[in-house]
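**Student:** Can you read through this structure? Questions will come right after.
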Amino acid sequence: MNDWNGLKAECADCRRCGLCEQRHNVVFGVGNECADVMFVGEGPGEQEDLQGIPFVGPAGRLLDDMLSIIDLSRKENVYISNIVKCRPPRNRDPLETEQDACIGYLRNQVALVKPKIIVCLGRIAAKKLIDENYRITRQHGQWVKKGDIWMTAIYHPSALLRDVSKRPETFDDLISLREKIREVGAKV
C-alpha cells in the first residue's frame, strides 16, 4: 500500500487475527507522517483501544514527558505506532501470530514515513524489529543500522511506571537519541 488513506482503510477493516473480535478501535498511529524519528511500541492498551490513538494513557503521558526532554513532540516531529494495531486481552503481550498478522501494516507505515531513526519502546518491538534475541535490560540504548534506518530500543514507558529505578538509564538513552538525531541530520 503506497498511500496513507488506503493503508488506514485496509487496517481499519482488518480481520487477520482474533484481536479484531474484541477491539473498540484499530489504533493505527499518530504524529507527523513525514517525521525523521519514529517510535514503535508493542500494542494498544485499554485507553488506546477506547480512543483509537496510541500512547494516551499513563504510559503515553510519560512518553510525552520523555519526548519533551529532548525537544520532540508527537504533534510536530515524531510518528508513533505499534507492532499490533488492536488491544490484546488484559494487555497481555501480543502473540507471535498476532504480530505476524499485523507487521505488514507497520512495514507500510515505515515505508510511507521514511524515518531516519526508529526507537523501539520495549522488548516486544525490539525483538520484532531489531533482533529476535534482543535483551532490553542489556541492549537498551545500543544503536544498529538496518538498511538506511538507525534503530535502538528503550524501556517501554509502562515499565518505567512500574520500576522507576530504570529511569536514569532511560534518560541516558534519550540523550543518546538526541545525539543520534543531530548526527544523522534528522529534522526535528
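Here's how to read the names in the C-alpha cells: chain A, B, ... by the order shown, residue numbers from 1 in each chain, ligand numbers from 1 in the order shown.
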What are the closest atom pairs, with distances in Å to one decimal, for each residue of stretch 114-183 of chain A lying within 7 Å of stretch 22-38 of chain A, using only C-alpha atoms, rows by chain and rising residue number, as a Markdown table?
**Tutor:**
```
| residue | atom | partner | partner_atom | distance |
| --- | --- | --- | --- | --- |
| A:Lys114 | CA | A:Asp36 | CA | 6.9 |
| A:Pro115 | CA | A:Asp36 | CA | 4.2 |
| A:Lys116 | CA | A:Asp36 | CA | 5.0 |
| A:Ile117 | CA | A:Val37 | CA | 4.9 |
| A:Ile118 | CA | A:Met38 | CA | 4.8 |
| A:Val119 | CA | A:Met38 | CA | 6.2 |
```
**Student:** Just to be explicit: take each residue in the selection above, keep C-alpha atoms, and write the result as a PDB file, in the first residue's frame.
**Tutor:**
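Here's the written file part.pdb:
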```pdb
ATOM      1  CA  LYS A 114      10.646   7.093   5.669  1.00  0.00           C
ATOM      2  CA  PRO A 115      12.223   7.694   9.103  1.00  0.00           C
ATOM      3  CA  LYS A 116      15.945   8.028   9.617  1.00  0.00           C
ATOM      4  CA  ILE A 117      15.575   6.668  13.160  1.00  0.00           C
ATOM      5  CA  ILE A 118      13.245   4.094  14.739  1.00  0.00           C
ATOM      6  CA  VAL A 119      13.052   3.821  18.521  1.00  0.00           C
TER       7      VAL A 119
END
```
**Student:** One number please: atom CA of A:Gly41 to atom CA of A:Ala125, in Å, one decimal.
**Tutor:**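 Going from atom CA of A:Gly41 over to atom CA of A:Ala125, I get 5.7 Å.
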**Student:** Could you tell me, as number ranges by chain, which residues of stretch 20-173 of chain A DSSP assigns to strand (DSSP E or B) when given the backbone?
**Tutor:** A: 30-31, 37-41, 78-82, 117-121, 144-146, 149-154
**Student:** Report as a PyMOL selection string all protein, DNA and RNA residues lying within 9 Å of stretch 67-71 of chain A, evaluated on only C-alpha atoms, omitting residues in the same chain fewer than 2 positions from it.
**Tutor:** chain A and resi 62-65+73-74+171+174-175+177-178+188
**Student:** Include N, CA and C atoms and write out the residues we just selected as a compact mmCIF listing (two decimals), in the first residue's frame.
**Tutor:**
```
# COMPACT_ATOMS: atom_id res chain seq x y z
N LEU A 62 3.68 9.73 30.15
CA LEU A 62 5.11 9.64 30.45
C LEU A 62 5.93 9.73 29.16
N LEU A 63 5.48 9.07 28.10
CA LEU A 63 6.19 9.16 26.83
C LEU A 63 6.25 10.61 26.35
N ASP A 64 5.15 11.33 26.46
CA ASP A 64 5.16 12.74 26.07
C ASP A 64 6.18 13.53 26.88
N ASP A 65 6.26 13.25 28.19
CA ASP A 65 7.27 13.92 29.03
C ASP A 65 8.68 13.56 28.58
N SER A 73 8.04 16.03 19.95
CA SER A 73 6.61 16.12 20.22
C SER A 73 5.84 15.26 19.23
N ARG A 74 4.88 14.51 19.73
CA ARG A 74 4.06 13.68 18.85
C ARG A 74 3.26 14.52 17.86
N PHE A 171 16.95 8.02 30.72
CA PHE A 171 17.37 9.39 30.47
C PHE A 171 18.63 9.38 29.61
N LEU A 174 17.75 8.58 26.11
CA LEU A 174 17.14 9.73 25.44
C LEU A 174 18.21 10.72 24.98
N ILE A 175 19.22 10.93 25.81
CA ILE A 175 20.32 11.81 25.42
C ILE A 175 21.05 11.23 24.22
N LEU A 177 19.69 9.36 21.97
CA LEU A 177 18.79 9.59 20.84
C LEU A 177 18.95 11.02 20.31
N ARG A 178 18.99 11.98 21.20
CA ARG A 178 19.17 13.37 20.77
C ARG A 178 20.48 13.52 19.99
N VAL A 188 13.92 17.92 13.22
CA VAL A 188 13.09 17.89 14.42
C VAL A 188 12.60 19.29 14.76
```
**Student:** In terms of the shortest atom-to-atom distance over only C-alpha atoms, which of A:Gln142, A:Gln47, A:Thr137, A:Asn2 is closest to A:Lys166?
**Tutor:**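 Of A:Gln142, A:Gln47, A:Thr137, A:Asn2, the one nearest A:Lys166, counting only C-alpha atoms, is A:Thr137.
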**Student:** Please, what distance in Å, to one decimal, runs between atom CA of A:Arg107 and atom CA of A:Leu160?
**Tutor:**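 Separating atom CA of A:Arg107 from atom CA of A:Leu160 is a distance of 27.1 Å.
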**Student:** Rounded to one decimal, what separation in Å do you get between atom CA of A:Leu112 and atom CA of A:Lys8?
**Tutor:**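 For atom CA of A:Leu112 relative to atom CA of A:Lys8, the distance reads 11.8 Å.
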**Student:** If you count only C-alpha atoms, which residues fall within 12 Å of A:Arg123, apart from same-chain ones fewer than 2 positions away, as JSON, numbers by chain?
**Tutor:** {"A": [40, 41, 42, 43, 83, 93, 94, 119, 120, 121, 125, 126, 127, 128, 129, 130, 131, 132, 133, 134, 135, 136, 137, 138, 139, 140, 141, 152, 153, 154, 155, 156, 157, 158, 159]}
**Student:** So that I can see what lies close to A:Glu48, please list as a count of residues only the residues with an atom at most 7 Å from it, counting only C-alpha atoms and leaving out residues fewer than 6 positions away in the same chain.
**Tutor:** 5
**Student:** Could you check which of A:Leu7, A:Ile181, A:Leu50, A:Leu19 is closest to A:Lys85, using only C-alpha atoms?
**Tutor:**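 Looking only at the distances to A:Lys85, the closest residue turns out to be A:Leu19.
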